[in-house]
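Structure file entry_15.txt (compact mmCIF, C-alpha atoms) is printed below.
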# COMPACT_ATOMS: atom_id res chain seq x y z
CA MET A 294 112.73 82.95 145.67
CA LYS A 295 109.56 83.64 147.64
CA HIS A 296 108.60 87.31 147.48
CA VAL A 297 107.18 89.39 150.34
CA ASP A 298 103.36 89.43 150.11
CA GLU A 299 101.50 92.73 150.01
CA GLU A 300 100.07 92.66 153.54
CA ALA A 301 103.45 91.86 155.11
CA LEU A 302 105.07 94.62 153.08
CA VAL A 303 102.50 97.18 154.22
CA GLU A 304 102.87 96.09 157.87
CA TYR A 305 106.64 96.41 157.52
CA ILE A 306 106.32 99.96 156.15
CA LEU A 307 103.78 101.12 158.73
CA SER A 308 105.85 99.77 161.61
CA GLY A 309 109.04 101.38 160.38
CA GLY A 310 110.42 97.87 160.65
CA GLY A 311 113.92 98.39 159.29
CA ASP A 312 115.54 97.93 162.73
CA ASP A 313 112.86 95.70 164.26
CA ALA A 314 114.01 92.13 165.02
CA ASP A 315 110.58 90.81 164.02
CA PHE A 316 111.20 92.01 160.48
CA THR A 317 114.80 90.87 160.03
CA GLU A 318 113.83 88.33 157.36
CA ILE A 319 111.99 90.94 155.29
CA THR A 320 114.84 93.45 155.71
CA ASN A 321 117.36 90.92 154.44
CA HIS A 322 115.08 89.89 151.58
CA LEU A 323 114.65 93.49 150.44
CA LYS A 324 118.44 93.84 150.24
CA ASP A 325 118.70 90.89 147.85
CA CYS A 326 115.47 91.10 145.80
CA ASP A 327 115.26 93.96 143.32
CA GLU A 328 111.58 93.27 142.57
CA CYS A 329 110.44 93.43 146.20
CA HIS A 330 112.68 96.43 146.88
CA ALA A 331 111.04 98.29 143.98
CA ARG A 332 107.59 97.40 145.38
CA PHE A 333 108.73 98.59 148.81
CA ARG A 334 109.85 101.95 147.44
CA GLY A 335 106.68 102.41 145.40
CA ARG A 336 104.38 101.52 148.31
CA THR A 337 106.41 103.73 150.66
CA ALA A 338 106.00 106.60 148.22
CA PHE A 339 102.25 105.99 148.19
CA PHE A 340 101.97 106.14 151.97
CA GLU A 341 104.17 109.22 152.07
CA ALA A 342 101.77 110.86 149.63
CA LEU A 343 98.80 109.89 151.81
CA THR A 344 100.36 110.93 155.10
CA SER A 345 102.81 113.72 154.42
CA PRO A 346 103.75 115.25 157.78
CA ASP A 347 103.11 118.70 156.32
CA VAL A 348 99.36 118.11 156.54
CA TRP A 349 99.55 117.86 160.34
CA GLN A 350 101.77 120.84 161.07
CA ALA A 351 98.97 123.25 161.91
CA GLU A 352 97.19 120.82 164.23
CA GLU A 353 100.38 119.58 165.85
CA ALA A 354 101.82 122.99 166.70
CA GLY A 355 103.47 122.66 170.08
CA PHE A 356 103.99 118.91 169.80
CA GLY A 357 107.36 117.29 169.28
CA SER A 358 108.38 115.58 166.08
CA ASP A 359 107.97 112.15 167.71
CA ALA A 360 104.29 112.82 168.41
CA GLN A 361 103.86 114.15 164.91
CA GLU A 362 105.44 111.04 163.41
CA ARG A 363 103.33 108.79 165.63
CA ARG A 364 100.13 110.46 164.50
CA VAL A 365 101.12 110.12 160.85
CA LEU A 366 101.79 106.41 161.32
CA GLU A 367 98.48 105.97 163.15
CA PHE A 368 96.69 107.63 160.26
CA ALA A 369 98.47 105.40 157.74
CA ALA A 370 97.37 102.37 159.78
CA ARG A 371 93.79 103.68 159.75
CA CYS A 372 93.94 104.01 155.94
CA GLN A 373 95.18 100.44 155.70
CA GLN A 374 92.39 99.18 157.98
CA GLU A 375 89.82 100.94 155.79
CA TYR A 376 91.40 99.20 152.82
CA VAL A 377 91.14 95.75 154.43
CA GLU A 378 87.49 96.34 155.37
CA ALA A 379 86.57 97.68 151.92
CA ARG A 380 88.27 94.75 150.21
CA ALA A 381 86.23 92.29 152.26
CA ALA A 382 82.95 94.15 151.67
CA LEU A 383 83.47 94.72 147.93
CA ALA A 384 84.99 91.35 147.04
CA PRO A 385 81.68 89.75 145.89
CA LEU A 386 81.02 92.65 143.49
CA LEU A 387 84.41 93.19 141.89
CA ALA A 388 84.07 90.30 139.43
CA ASP A 389 80.30 90.74 138.88
CA THR A 390 80.08 93.14 135.93
CA VAL A 391 76.29 93.52 136.00
CA GLY A 392 75.83 93.34 139.76
CA PHE A 393 78.47 96.00 140.30
CA VAL A 394 76.67 98.51 138.08
CA LEU A 395 73.30 97.76 139.69
CA GLU A 396 74.68 98.14 143.21
CA ARG A 397 75.59 101.84 142.69
CA ILE A 398 78.06 101.71 145.56
CA GLU A 399 79.10 105.32 145.00
CA ARG A 400 75.75 106.34 146.56
CA ARG A 401 76.33 104.40 149.78
CA ARG A 402 77.85 106.26 152.69
CA GLU A 403 79.70 103.25 154.13
CA TYR A 404 81.94 103.19 151.06
CA ARG A 405 83.09 106.81 151.33
CA THR A 406 86.52 105.83 152.60
CA THR A 407 90.11 105.90 151.43
CA GLY A 408 90.03 102.10 151.46
CA ALA A 409 87.11 101.84 149.03
CA VAL A 410 88.83 104.17 146.55
CA ARG A 411 92.04 102.12 146.71
CA VAL A 412 90.23 98.79 146.32
CA LEU A 413 88.22 100.02 143.33
CA ALA A 414 91.27 101.60 141.68
CA GLU A 415 93.30 98.39 142.08
CA ALA A 416 90.41 96.29 140.74
CA ALA A 417 90.08 98.63 137.74
CA ASN A 418 93.79 98.28 137.01
CA ASP A 419 93.55 94.50 137.22
CA ALA A 420 90.48 94.38 134.91
CA CYS A 421 91.83 96.62 132.13
CA GLU A 422 93.18 93.85 129.94
CA ARG A 423 90.45 91.33 130.74
CA ASN A 424 87.35 93.51 130.59
CA PRO A 425 88.12 97.19 129.92
CA LEU A 426 84.46 98.24 130.04
CA HIS A 427 84.15 96.81 133.57
CA ALA A 428 87.47 98.48 134.42
CA ARG A 429 86.00 101.83 133.39
CA ASN A 430 82.91 101.23 135.56
CA LEU A 431 85.13 100.37 138.53
CA ALA A 432 87.26 103.46 137.95
CA ASP A 433 84.18 105.67 137.55
CA ALA A 434 82.96 104.48 140.96
CA ALA A 435 86.40 105.19 142.44
CA VAL A 436 86.30 108.71 140.97
CA ALA A 437 82.77 109.35 142.28
CA ILE A 438 83.69 108.21 145.80
CA ALA A 439 87.00 110.08 145.82
CA GLU A 440 85.20 113.28 144.83
CA GLN A 441 82.89 112.80 147.84
CA LEU A 442 85.68 112.35 150.40
CA SER A 443 85.57 115.19 152.90
CA THR A 444 88.56 117.16 154.15
CA ASP A 445 86.79 117.13 157.53
CA ASP A 446 87.53 113.39 157.70
CA TYR A 447 90.87 113.22 155.91
CA PRO A 448 93.80 115.59 155.27
CA ARG A 449 93.49 117.59 152.06
CA ASP A 450 96.59 116.02 150.52
CA THR A 451 95.23 112.53 151.19
CA VAL A 452 91.97 113.36 149.43
CA ARG A 453 93.77 114.83 146.44
CA THR A 454 96.14 111.86 146.21
CA LEU A 455 93.23 109.43 146.09
CA ARG A 456 91.35 111.51 143.54
CA ALA A 457 94.47 111.43 141.37
CA LEU A 458 94.69 107.65 141.78
CA ALA A 459 91.05 107.22 140.71
CA TRP A 460 91.39 109.52 137.69
CA LYS A 461 94.59 107.71 136.68
CA GLU A 462 92.76 104.36 136.60
CA ARG A 463 89.91 105.88 134.61
CA ALA A 464 92.50 107.06 132.08
CA ASN A 465 94.04 103.60 132.00
CA ALA A 466 90.67 101.94 131.28
CA LEU A 467 89.87 104.51 128.58
CA ARG A 468 93.25 103.76 126.99
CA PHE A 469 92.26 100.12 126.56
CA LEU A 470 88.87 101.19 125.17
CA ALA A 471 90.67 103.40 122.61
CA GLU A 472 88.87 106.49 123.96
CA TYR A 473 92.06 108.50 123.70
CA PRO A 474 90.93 112.15 124.07
CA ALA A 475 88.90 111.20 127.16
CA ALA A 476 91.94 109.36 128.54
CA LEU A 477 94.08 112.50 128.16
CA ASP A 478 91.41 114.55 129.94
CA ALA A 479 91.43 112.06 132.83
CA LEU A 480 95.23 112.25 133.03
CA ASP A 481 95.01 116.05 133.17
CA ARG A 482 92.59 115.75 136.09
CA ALA A 483 94.94 113.35 137.87
CA GLU A 484 97.92 115.68 137.42
CA ARG A 485 95.97 118.68 138.69
CA GLU A 486 95.24 116.79 141.90
CA LEU A 487 98.95 116.15 142.44
CA SER A 488 99.68 119.75 143.29
CA ARG A 489 103.11 119.08 144.79
CA PRO A 490 104.90 116.72 142.39
CA GLY A 491 107.87 116.23 144.72
CA LEU A 492 105.64 114.16 147.00
CA HIS A 493 104.12 112.17 144.15
CA ALA A 494 107.03 111.35 141.89
CA PHE A 495 106.23 107.65 141.67
CA GLU A 496 102.61 108.29 140.61
CA MET A 497 103.80 110.92 138.13
CA GLY A 498 105.86 108.15 136.54
CA ASN A 499 102.71 106.06 136.11
CA LEU A 500 100.81 109.00 134.64
CA ALA A 501 103.64 109.71 132.19
CA TYR A 502 103.65 106.07 131.07
CA ILE A 503 99.89 106.02 130.40
CA ARG A 504 100.09 109.38 128.64
CA ALA A 505 102.96 108.13 126.48
CA SER A 506 100.93 105.07 125.45
CA VAL A 507 97.87 107.17 124.57
CA LEU A 508 99.90 109.71 122.60
CA MET A 509 101.58 106.90 120.70
CA TYR A 510 98.21 105.46 119.66
CA MET A 511 97.17 108.97 118.57
CA ASP A 512 100.31 109.26 116.39
CA ARG A 513 101.60 112.18 118.48
CA LEU A 514 104.95 110.46 118.46
CA ASP A 515 107.35 113.20 119.58
CA GLU A 516 105.18 113.87 122.64
CA ALA A 517 104.91 110.13 123.32
CA THR A 518 108.70 109.79 123.25
CA ARG A 519 109.14 112.63 125.75
CA GLN A 520 106.57 111.19 128.15
CA ALA A 521 108.07 107.69 127.89
CA ALA A 522 111.54 109.08 128.68
CA LYS A 523 110.12 111.00 131.65
CA SER A 524 108.45 107.85 132.96
CA ALA A 525 111.60 105.75 132.49
CA GLU A 526 113.70 108.35 134.34
CA ILE A 527 111.34 108.37 137.35
CA PHE A 528 111.19 104.58 137.61
CA ALA A 529 114.96 104.29 137.22
CA ALA A 530 115.33 106.63 140.20
CA TYR A 531 113.11 104.30 142.24
CA GLY A 532 114.99 101.23 141.07
CA ASP A 533 111.80 99.82 139.56
CA THR A 534 113.24 97.90 136.62
CA GLU A 535 109.91 96.37 135.57
CA ARG A 536 108.21 99.74 135.13
CA TRP A 537 111.36 101.20 133.59
CA MET A 538 111.25 98.48 130.92
CA ARG A 539 107.54 99.11 130.39
CA ALA A 540 108.28 102.76 129.65
CA ARG A 541 111.05 101.70 127.29
CA SER A 542 108.54 99.52 125.45
CA VAL A 543 106.60 102.65 124.50
CA GLU A 544 109.78 104.09 123.00
CA ALA A 545 110.09 100.89 120.93
CA GLY A 546 106.42 101.24 119.96
CA VAL A 547 107.09 104.74 118.67
CA LEU A 548 109.73 103.32 116.33
CA SER A 549 107.09 100.93 115.02
CA TYR A 550 104.57 103.74 114.51
CA ARG A 551 107.24 105.62 112.57
CA ARG A 552 107.49 102.52 110.39
CA GLU A 553 111.11 101.99 111.40
CA PHE A 554 110.33 98.30 111.75
CA ALA A 555 113.87 96.91 111.71
CA GLN A 556 114.92 99.21 114.58
CA ALA A 557 111.66 98.50 116.43
CA ALA A 558 112.18 94.75 116.05
CA ALA A 559 115.67 95.03 117.55
CA ALA A 560 114.26 96.99 120.51
CA PHE A 561 111.42 94.52 121.09
CA GLU A 562 113.87 91.61 120.93
CA GLN A 563 115.88 93.18 123.76
CA LEU A 564 112.73 93.79 125.81
CA ARG A 565 111.56 90.25 125.21
CA ALA A 566 114.90 88.84 126.34
CA TYR A 567 114.75 90.90 129.52
CA ALA A 568 111.19 89.75 130.29
CA GLU A 569 112.25 86.16 129.70
CA SER A 570 115.25 86.47 132.03
CA SER A 571 113.05 87.89 134.80
CA GLY A 572 110.34 85.24 134.44
CA ASP A 573 107.72 87.75 133.24
CA ALA A 574 105.46 85.56 131.09
CA ILE A 575 103.03 88.37 130.19
CA GLY A 576 105.93 90.64 129.26
CA VAL A 577 107.39 87.92 127.02
CA ALA A 578 103.98 87.51 125.35
CA ARG A 579 103.51 91.24 124.78
CA HIS A 580 106.95 91.68 123.25
CA SER A 581 106.50 88.52 121.17
CA TYR A 582 103.33 90.06 119.74
CA ASN A 583 105.05 93.39 119.06
CA LEU A 584 108.02 91.65 117.48
CA ALA A 585 105.69 89.58 115.28
CA THR A 586 103.90 92.68 113.99
CA CYS A 587 107.27 94.15 113.01
CA PHE A 588 108.20 90.96 111.14
CA LEU A 589 104.84 91.01 109.35
CA GLU A 590 105.51 94.57 108.19
CA LEU A 591 108.98 93.48 107.04
CA GLY A 592 107.38 90.66 105.01
CA ASP A 593 108.71 87.86 107.22
CA ALA A 594 105.57 85.86 108.05
CA THR A 595 107.67 82.77 108.83
CA ARG A 596 109.24 84.41 111.88
CA ALA A 597 106.01 86.14 112.89
CA ARG A 598 103.77 83.07 113.17
CA PRO A 599 105.46 81.17 116.05
CA LEU A 600 105.77 84.40 118.04
CA LEU A 601 102.05 85.10 117.66
CA LEU A 602 101.13 81.54 118.62
CA ASP A 603 103.35 81.69 121.73
CA ALA A 604 101.85 85.03 122.72
CA ARG A 605 98.33 83.74 122.15
CA ARG A 606 98.94 80.72 124.39
CA THR A 607 100.07 82.91 127.28
CA PHE A 608 97.27 85.47 126.89
CA GLU A 609 94.67 82.70 126.85
CA GLU A 610 96.15 80.94 129.89
CA ARG A 611 96.30 84.21 131.86
CA GLY A 612 92.91 85.49 130.74
CA VAL A 613 94.32 88.68 129.16
CA ARG A 614 91.36 89.06 126.83
CA THR A 615 92.16 92.40 125.15
CA GLU A 616 95.61 91.20 124.10
CA LEU A 617 94.13 87.86 123.03
CA VAL A 618 91.78 89.72 120.68
CA ARG A 619 94.65 91.67 119.13
CA THR A 620 96.79 88.55 118.75
CA ASP A 621 93.96 86.61 117.07
CA TRP A 622 93.41 89.61 114.81
CA MET A 623 97.06 89.51 113.70
CA LEU A 624 96.81 85.76 113.10
CA GLY A 625 93.88 86.49 110.79
CA VAL A 626 95.96 89.07 108.93
CA LEU A 627 98.91 86.66 108.76
CA ALA A 628 96.68 84.00 107.19
CA ARG A 629 95.64 86.50 104.52
CA VAL A 630 99.14 87.71 103.63
CA THR A 631 100.24 84.09 103.20
CA GLY A 632 97.33 83.42 100.81
CA ARG A 633 95.12 81.36 103.19
CA PHE A 634 92.01 83.47 102.58
CA GLU A 635 89.34 81.11 103.96
CA GLU A 636 91.32 80.63 107.18
CA SER A 637 91.73 84.39 107.45
CA ILE A 638 87.97 84.95 106.99
CA ALA A 639 87.05 82.40 109.64
CA GLN A 640 89.61 83.81 112.10
CA LEU A 641 88.54 87.43 111.60
CA ARG A 642 84.84 86.56 112.05
CA VAL A 643 85.55 85.05 115.45
CA VAL A 644 87.80 87.85 116.63
CA ARG A 645 85.32 90.51 115.48
CA GLU A 646 82.70 89.00 117.80
CA ALA A 647 85.22 88.86 120.64
CA SER A 648 86.15 92.53 120.20
CA GLU A 649 82.49 93.56 120.23
CA ALA A 650 81.89 91.55 123.41
CA LEU A 651 84.67 93.55 125.09
CA ALA A 652 83.32 96.88 123.75
CA LEU A 653 86.51 97.39 121.72
CA HIS A 654 84.64 99.30 119.03
CA GLU A 655 87.68 100.87 117.38
CA GLU A 656 89.35 97.46 117.04
CA ALA A 657 86.09 95.94 115.80
CA ALA A 658 85.92 98.53 113.01
CA HIS A 659 89.45 97.79 111.81
CA ILE A 660 88.99 94.02 112.15
CA THR A 661 85.88 94.34 109.98
CA LEU A 662 87.88 96.26 107.37
CA ASP A 663 90.40 93.41 107.36
CA LEU A 664 87.56 90.90 107.04
CA ILE A 665 86.22 92.81 104.03
CA GLU A 666 89.67 92.77 102.44
CA SER A 667 90.01 89.00 102.97
CA LEU A 668 86.53 88.39 101.51
CA LEU A 669 87.37 90.46 98.44
CA LEU A 670 90.61 88.55 97.91
CA ALA A 671 88.64 85.28 98.22
CA GLY A 672 86.17 86.54 95.58
CA SER A 673 83.22 86.62 98.02
CA THR A 674 81.26 89.88 97.83
CA ARG A 675 77.75 88.94 98.99
CA GLU A 676 78.01 90.38 102.53
CA ILE A 677 80.38 93.28 101.83
CA SER A 678 77.64 95.92 101.93
CA ALA A 679 76.31 94.72 105.29
CA LEU A 680 79.83 94.67 106.73
CA CYS A 681 80.40 98.25 105.56
CA SER A 682 77.34 99.23 107.59
CA GLU A 683 78.92 97.49 110.58
CA VAL A 684 82.09 99.55 110.12
CA MET A 685 79.96 102.72 110.33
CA ARG A 686 78.24 101.44 113.45
CA TYR A 687 81.53 100.63 115.17
CA PHE A 688 83.03 104.03 114.33
CA ARG A 689 79.91 105.78 115.59
CA ARG A 690 80.01 103.86 118.88
CA SER A 691 83.72 104.55 119.35
CA GLY A 692 83.06 108.30 119.06
CA ARG A 693 85.06 108.65 115.88
CA LEU A 694 85.13 111.99 114.08
CA LEU A 695 82.60 112.74 111.34
CA GLN A 696 85.35 112.33 108.75
CA ALA A 697 85.79 108.66 109.71
CA LEU A 698 82.05 108.11 109.33
CA THR A 699 82.22 109.85 105.96
CA ALA A 700 84.93 107.43 104.83
CA ALA A 701 82.91 104.45 106.08
CA ALA A 702 79.80 105.80 104.32
CA PHE A 703 81.76 106.07 101.07
CA LEU A 704 82.82 102.45 101.47
CA LYS A 705 79.21 101.39 102.07
CA GLU A 706 78.00 103.31 99.02
CA ALA A 707 80.73 101.80 96.85
CA ALA A 708 79.74 98.32 98.07
CA ALA A 709 76.09 98.95 97.26
CA HIS A 710 77.10 99.64 93.66
CA GLY A 711 79.59 96.79 93.45
CA ARG A 712 82.60 99.08 93.22
CA VAL A 713 84.55 98.03 96.33
CA ARG A 714 88.09 96.88 95.63
CA VAL A 715 90.91 95.87 97.95
CA GLU A 716 92.53 99.23 97.22
CA THR A 717 89.31 100.99 98.31
CA VAL A 718 89.39 99.26 101.71
CA ARG A 719 93.07 100.04 102.20
CA HIS A 720 92.46 103.69 101.25
CA VAL A 721 89.73 104.02 103.91
CA ARG A 722 91.84 102.27 106.56
CA SER A 723 94.84 104.50 105.81
CA PHE A 724 92.66 107.62 106.00
CA VAL A 725 91.26 106.66 109.42
CA HIS A 726 94.77 106.07 110.78
CA ARG A 727 95.89 109.47 109.45
CA LEU A 728 92.94 111.15 111.15
CA GLU A 729 94.55 110.41 114.52
CA LEU A 730 97.43 112.68 113.51
CA GLN A 731 95.44 115.17 111.43
CA PRO A 732 91.93 115.49 112.92
CA ASP A 733 90.96 118.19 110.39
CA LEU A 734 91.81 115.99 107.41
CA LEU A 735 88.98 115.75 104.86
CA PHE A 736 88.16 112.46 103.19
CA ARG A 737 88.68 112.16 99.45
CA PRO A 738 87.84 109.06 97.41
CA PRO A 739 90.80 107.20 95.93
CA ASP A 740 91.89 108.08 92.44
CA GLU A 741 90.38 105.72 89.90

Is it possible to give me this structure as structure tokens?
Amino acid sequence: MKHVDEEALVEYILSGGGDDADFTEITNHLKDCDECHARFRGRTAFFEALTSPDVWQAEEAGFGSDAQERRVLEFAARCQQEYVEARAALAPLLADTVGFVLERIERRREYRTTGAVRVLAEAANDACERNPLHARNLADAAVAIAEQLSTDDYPRDTVRTLRALAWKERANALRFLAEYPAALDALDRAERELSRPGLHAFEMGNLAYIRASVLMYMDRLDEATRQAAKSAEIFAAYGDTERWMRARSVEAGVLSYRREFAQAAAAFEQLRAYAESSGDAIGVARHSYNLATCFLELGDATRARPLLLDARRTFEERGVRTELVRTDWMLGVLARVTGRFEESIAQLRVVREASEALALHEEAAHITLDLIESLLLAGSTREISALCSEVMRYFRRSGRLLQALTAAAFLKEAAAHGRVRVETVRHVRSFVHRLELQPDLLFRPPDE
């Protein structure tokens, strides 16, 4: 089934085309296609947030409701035209990571439009899994421009909606960079801009989903569960099954973080089956990866391996680089737990370089800890001390707490004196994970 493309959908919404003969085909398609209907409702909610009739009431006093509605639609069309123009002007820069930073578009007056903010926010969202550092730069530019939009040029609610959109995408990029406290701060900023939640329910669902993911990674699991349920409820009300399932995946992730791996595996199997039935290749790959990690924890490497290889194939084909790094990392761990130490070492060396190239410093630190463990199991200790220094460098660059650096420094000191054991590495890794839940936790060396 051919879906309605984005431009046709926007034109349909702006024209109020439900009863227009020119849009009969789209109207009929929306009745039969759940995916396009969900997109229609989400995009309609966005335009309602941009062009709420309430913002015109003072200016339109004395005019009839038809004139008021016409002016709102004209303004929505103006916003869409700004979007089309900004997309054309910015297209050469969106994929140029260095050129984009050098251009400093946030300083240029011609880009101070609603369209530029939307284009940058969408580009940031698209780049998160391929190049999260570039996604953050795109989102930062969107935030800077949104903060410069004047209420003399646009209604106040429109400006606040776009600022919320920009801050949301900054939070999303920071989530992929594992800068979790900063991501929560950005989400707080986004929510403050949405002063009337009734008009922004769809976006509040997106914010709740991102917040749930961040809280899960920070081991704040009860809060993550509540936010995931809130997100799922909002998307269910909009009939957006894809986003509803995405929120449910966080709930499954919480089970995994609670080490309830059998229950988590059952949940991920259901999510994977749904993604497969709806032709969502990326969704299948993500849930295959999650399912494989559960099987690894349950000691079933035989079932984990084909799932990881299938996920890797999809991530590589689609250019989803952050997920490719994590999948290759798990393949390195799988090689180690099945006794193939040299294969594990080679795999983890490659994936460590890939994580550093994407500025995934937190992942790079943990990958390096796994590399150290594999080297120790292979009886190779020559480079352990240097790798311990790398762990410290990665933690420092990721903004980790002093306690994490203290743990890494202990590991380095132990390596310098030839006292590093596999148990030492695992003790440090466990401590760093616990820090996410207990930031005031003090590091203590393992018992001899």

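Taking atom CA of A:Ala435 and atom CA of A:Met538 as the two end points, the separation is 28.2 Å.
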
Problem set entry | Long-range neighbours of stretch 388-393 of chain A as a ChimeraX atom specification, 10 Å cut-off, all atoms listed in the file, 2 positions minimum in chain | /A:383-386,395-398,416,420,424,426-428,430-431,434

Problem set entry | Distance query A:Tyr550 at most 8 Å, only C-alpha atoms, self and fewer than 3 positions along chain excluded, as a PyMOL selection string | chain A and resi 509+512+514+546-547+553

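Between atom CA of A:Asp733 and atom CA of A:Phe688 the separation is 16.7 Å.
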
For this session: List the neighbours of A:Ile638 out to 7 Å using all atoms listed in the file; skip same-chain residues closer than 6 positions along the sequence, and give me the result as a PyMOL selection string.
Result: chain A and resi 664+667-668

Problem set entry | Distance query stretch 646-648 of chain A at most 9 Å, all atoms listed in the file, self and fewer than 2 positions along chain excluded, as a list of chain:residue names | A:Arg614, A:Thr615, A:Val618, A:Arg619, A:Leu641, A:Arg642, A:Val643, A:Val644, A:Ala650, A:Leu651, A:Ala652, A:Leu653, A:His654, A:Glu655, A:Glu656, A:Ala657, A:Ile660

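Residue nearest A:Val410, chosen from A:Val377, A:Leu458, A:Thr444, A:Leu589 and counting all atoms listed in the file: A:Leu458.
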
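Atom CA of A:Asp450 is positioned 21.2 Å from atom CA of A:Glu399.
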
Starting from the incomplete input, reconstruct N, CA and C atoms of stretch 398-413 of chain A and write that as a PDB file, in the frame of the given file.
ATOM      1  N   ILE A 398      77.409 101.562 144.254  1.00  0.00           N
ATOM      2  CA  ILE A 398      78.060 101.710 145.560  1.00  0.00           C
ATOM      3  C   ILE A 398      78.493 103.146 145.832  1.00  0.00           C
ATOM      4  N   GLU A 399      78.672 103.936 144.775  1.00  0.00           N
ATOM      5  CA  GLU A 399      79.100 105.320 145.000  1.00  0.00           C
ATOM      6  C   GLU A 399      78.053 106.142 145.745  1.00  0.00           C
ATOM      7  N   ARG A 400      76.820 105.631 145.838  1.00  0.00           N
ATOM      8  CA  ARG A 400      75.750 106.340 146.560  1.00  0.00           C
ATOM      9  C   ARG A 400      75.666 105.934 148.030  1.00  0.00           C
ATOM     10  N   ARG A 401      76.454 104.940 148.420  1.00  0.00           N
ATOM     11  CA  ARG A 401      76.330 104.400 149.780  1.00  0.00           C
ATOM     12  C   ARG A 401      77.409 104.990 150.681  1.00  0.00           C
ATOM     13  N   ARG A 402      76.965 105.541 151.790  1.00  0.00           N
ATOM     14  CA  ARG A 402      77.850 106.260 152.690  1.00  0.00           C
ATOM     15  C   ARG A 402      78.976 105.390 153.249  1.00  0.00           C
ATOM     16  N   GLU A 403      78.681 104.101 153.499  1.00  0.00           N
ATOM     17  CA  GLU A 403      79.700 103.250 154.130  1.00  0.00           C
ATOM     18  C   GLU A 403      80.924 103.037 153.233  1.00  0.00           C
ATOM     19  N   TYR A 404      80.806 103.361 151.957  1.00  0.00           N
ATOM     20  CA  TYR A 404      81.940 103.190 151.060  1.00  0.00           C
ATOM     21  C   TYR A 404      82.710 104.486 150.816  1.00  0.00           C
ATOM     22  N   ARG A 405      82.378 105.536 151.522  1.00  0.00           N
ATOM     23  CA  ARG A 405      83.090 106.810 151.330  1.00  0.00           C
ATOM     24  C   ARG A 405      84.338 106.836 152.197  1.00  0.00           C
ATOM     25  N   THR A 406      85.280 105.969 151.849  1.00  0.00           N
ATOM     26  CA  THR A 406      86.520 105.830 152.600  1.00  0.00           C
ATOM     27  C   THR A 406      87.706 105.770 151.659  1.00  0.00           C
ATOM     28  N   THR A 407      88.890 106.036 152.224  1.00  0.00           N
ATOM     29  CA  THR A 407      90.110 105.900 151.430  1.00  0.00           C
ATOM     30  C   THR A 407      90.266 104.459 150.953  1.00  0.00           C
ATOM     31  N   GLY A 408      89.874 103.512 151.799  1.00  0.00           N
ATOM     32  CA  GLY A 408      90.030 102.100 151.460  1.00  0.00           C
ATOM     33  C   GLY A 408      89.215 101.706 150.251  1.00  0.00           C
ATOM     34  N   ALA A 409      87.966 102.187 150.164  1.00  0.00           N
ATOM     35  CA  ALA A 409      87.110 101.840 149.030  1.00  0.00           C
ATOM     36  C   ALA A 409      87.695 102.373 147.725  1.00  0.00           C
ATOM     37  N   VAL A 410      88.236 103.595 147.754  1.00  0.00           N
ATOM     38  CA  VAL A 410      88.830 104.170 146.550  1.00  0.00           C
ATOM     39  C   VAL A 410      90.020 103.322 146.099  1.00  0.00           C
ATOM     40  N   ARG A 411      90.860 102.922 147.054  1.00  0.00           N
ATOM     41  CA  ARG A 411      92.040 102.120 146.710  1.00  0.00           C
ATOM     42  C   ARG A 411      91.636 100.749 146.150  1.00  0.00           C
ATOM     43  N   VAL A 412      90.662 100.106 146.786  1.00  0.00           N
ATOM     44  CA  VAL A 412      90.230  98.790 146.320  1.00  0.00           C
ATOM     45  C   VAL A 412      89.670  98.875 144.912  1.00  0.00           C
ATOM     46  N   LEU A 413      88.830  99.866 144.650  1.00  0.00           N
ATOM     47  CA  LEU A 413      88.220 100.020 143.330  1.00  0.00           C
ATOM     48  C   LEU A 413      89.277 100.358 142.269  1.00  0.00           C
TER      49      LEU A 413
END
